[in-house]
Amino acid sequence: MIKLFSFVTTFLLLLALTTSVSAQSQIPERNGDYPDPEHPGVRVRVFVHEAGKPQPPTSSPVLTCTNPDSTAVVDPLSWKLPTGPWTYQLNLSSVPSSVGSTNLPTIAGSAFGEWQSAQGKVAFVKGASTTTNKQALDFKNIVSWGRTSGTALAVTYTRYYTATHLVADVDTIMNQKFPWSWTNPAANDCSLYDSRYDAQDILTHEIGHWMGLADEYTQEYADNTMFGYGSKGETKKNTLTTGDKTGLTAIYH
Ligand SMILES: [Zn+2]
């Protein structure tokens, strides 16, 4: 009887420990580079884009169709995508109606294509659609709208192997609580949506983190795709600047 009691106590203690570890294994939704508690040898870099940060003054209004170049070179981080095909999966059912689920393949195709054409190593492939709207090391590289905590506009989780510094899994979650739209570059109607964030503009920036590029916050980077602040109505991040491409080439040379 004593042994049985002891066993039960131990079991309960283990259960408590397991619960505790499970709770700690949540990846923080804060900017940072963390060990993945469930996967030894994998780290996860989290990029959180806060909305409502002050936009530094720029020489030209944001709400224009202009797309100024910048030669400020974007800094590399500590990972890269492996050479060859890299499959992404879109959650079409998550797309806000103000963007349109049927538009997401076009939006993503343009955003990934911009990065693909700027280097010759990684080829993006659109995989099967997904219903997943949460980040996880599940070897699905998803683009989805979903819930992010606090005031984050979008969060990208890049998991990479510490031994090789190659990406294992990367997910971008766009915050469904914010107002979104999409300005089709072909339609040239970029002043229509000045009260909403442009899906292609923000997604193109996020894919820069998939590639291994950092956020830049100083004024010289204000026109770069990897500028760390986003604005409503902005579309200039759709296309890479010279400085974004130079940073990319330093990684994929
Ligand atoms: Zn960023």
# chains A, B, ... in the order shown; residues from 1 in each chain; ligands from 1
$ residues_near_ligand --ligand "ligand 1" --cutoff "6 Å" --atoms "only C-alpha atoms and all ligand atoms" --output "PyMOL selection string"
chain A and resi 47+206+215+228
$ write_last_selection --atoms "C-alpha atoms" --output "CSV table (one decimal), in the first residue's frame"
chain,number,residue,atom,x,y,z
A,47,PHE,CA,10.1,39.1,-35.7
A,206,GLU,CA,8.2,39.4,-44.1
A,215,ASP,CA,14.9,44.8,-39.9
A,228,GLY,CA,11.2,47.9,-40.0
$ residues_around --residues "Tyr221 of chain A" --least-positions-apart "5" --cutoff "12 Å" --atoms "only C-alpha atoms" --output "list in words"
Pro56, Pro57, Thr58, Pro68, Asp69, Ser70, Thr71, Ala72, Val73, Val74, Asp75, Ala214, Asp215, Glu216, Met226, Phe227, Gly228, Tyr229, Lys237, Leu240, Thr241, Thr242, Gly243 and Asp244 of chain A
$ closest_residue --among "A:Met174, A:Thr87, A:Gly230, A:Leu153" --to "Asn133 of chain A" --atoms "only C-alpha atoms"
A:Met174
$ closest_residue --among "A:Thr162, A:Gln200, A:Asn175, A:Ser129" --to "Ser149 of chain A" --atoms "only C-alpha atoms"
A:Asn175
$ closest_residue --among "A:Lys121, A:His205, A:His49, A:Lys232" --to "Thr83 of chain A" --atoms "only C-alpha atoms"
A:Lys121
$ select_by_dssp --residues "segment 156-193 of chain A" --states "strand (DSSP E or B)" --output "PyMOL selection string"
chain A and resi 156-161+166-175+180-181
$ residues_around --residues "Leu90 of chain A" --least-positions-apart "4" --cutoff "6 Å" --atoms "only C-alpha atoms" --output "compact mmCIF listing (two decimals) with N, CA and C atoms, in the first residue's frame"
# COMPACT_ATOMS: atom_id res chain seq x y z
N SER A 129 -2.78 24.22 -50.40
CA SER A 129 -3.32 25.15 -49.43
C SER A 129 -3.38 24.48 -48.06
N THR A 130 -3.37 25.32 -47.02
CA THR A 130 -3.40 24.79 -45.66
C THR A 130 -4.51 25.47 -44.88
N ILE A 142 4.06 28.43 -43.69
CA ILE A 142 2.74 28.97 -43.98
C ILE A 142 2.71 30.49 -44.01
N VAL A 143 1.76 30.99 -44.80
CA VAL A 143 1.35 32.39 -44.76
C VAL A 143 -0.13 32.37 -44.42
$ residues_around --residues "Arg30 of chain A" --least-positions-apart "2" --cutoff "9 Å" --atoms "only C-alpha atoms" --output "VMD selection string"
chain A and resid 27 to 28 32 46 to 48 155
$ write_last_selection --atoms "N, CA and C atoms" --output "PDB file, in the first residue's frame"
ATOM      1  N   ILE A  27       6.683  29.468 -27.661  1.00  0.00           N
ATOM      2  CA  ILE A  27       7.670  30.407 -28.164  1.00  0.00           C
ATOM      3  C   ILE A  27       7.188  31.820 -27.836  1.00  0.00           C
ATOM      4  N   PRO A  28       8.027  32.648 -27.219  1.00  0.00           N
ATOM      5  CA  PRO A  28       7.590  34.004 -26.886  1.00  0.00           C
ATOM      6  C   PRO A  28       7.210  34.781 -28.151  1.00  0.00           C
ATOM      7  N   GLY A  32      13.161  38.356 -30.808  1.00  0.00           N
ATOM      8  CA  GLY A  32      14.255  37.672 -30.138  1.00  0.00           C
ATOM      9  C   GLY A  32      14.615  36.390 -30.841  1.00  0.00           C
ATOM     10  N   VAL A  46      12.109  35.288 -33.800  1.00  0.00           N
ATOM     11  CA  VAL A  46      10.769  35.864 -33.891  1.00  0.00           C
ATOM     12  C   VAL A  46      10.880  37.339 -34.255  1.00  0.00           C
ATOM     13  N   PHE A  47      10.178  37.739 -35.307  1.00  0.00           N
ATOM     14  CA  PHE A  47      10.086  39.141 -35.711  1.00  0.00           C
ATOM     15  C   PHE A  47       8.664  39.612 -35.461  1.00  0.00           C
ATOM     16  N   VAL A  48       8.536  40.594 -34.615  1.00  0.00           N
ATOM     17  CA  VAL A  48       7.216  41.154 -34.347  1.00  0.00           C
ATOM     18  C   VAL A  48       7.162  42.555 -34.933  1.00  0.00           C
ATOM     19  N   VAL A 155       3.742  38.676 -37.501  1.00  0.00           N
ATOM     20  CA  VAL A 155       4.831  37.999 -36.784  1.00  0.00           C
ATOM     21  C   VAL A 155       5.380  36.903 -37.686  1.00  0.00           C
TER      22      VAL A 155
END
$ closest_residue --among "A:Ile107, A:Val42, A:Leu248, A:Met211" --to "Thr156 of chain A" --atoms "only C-alpha atoms"
A:Met211
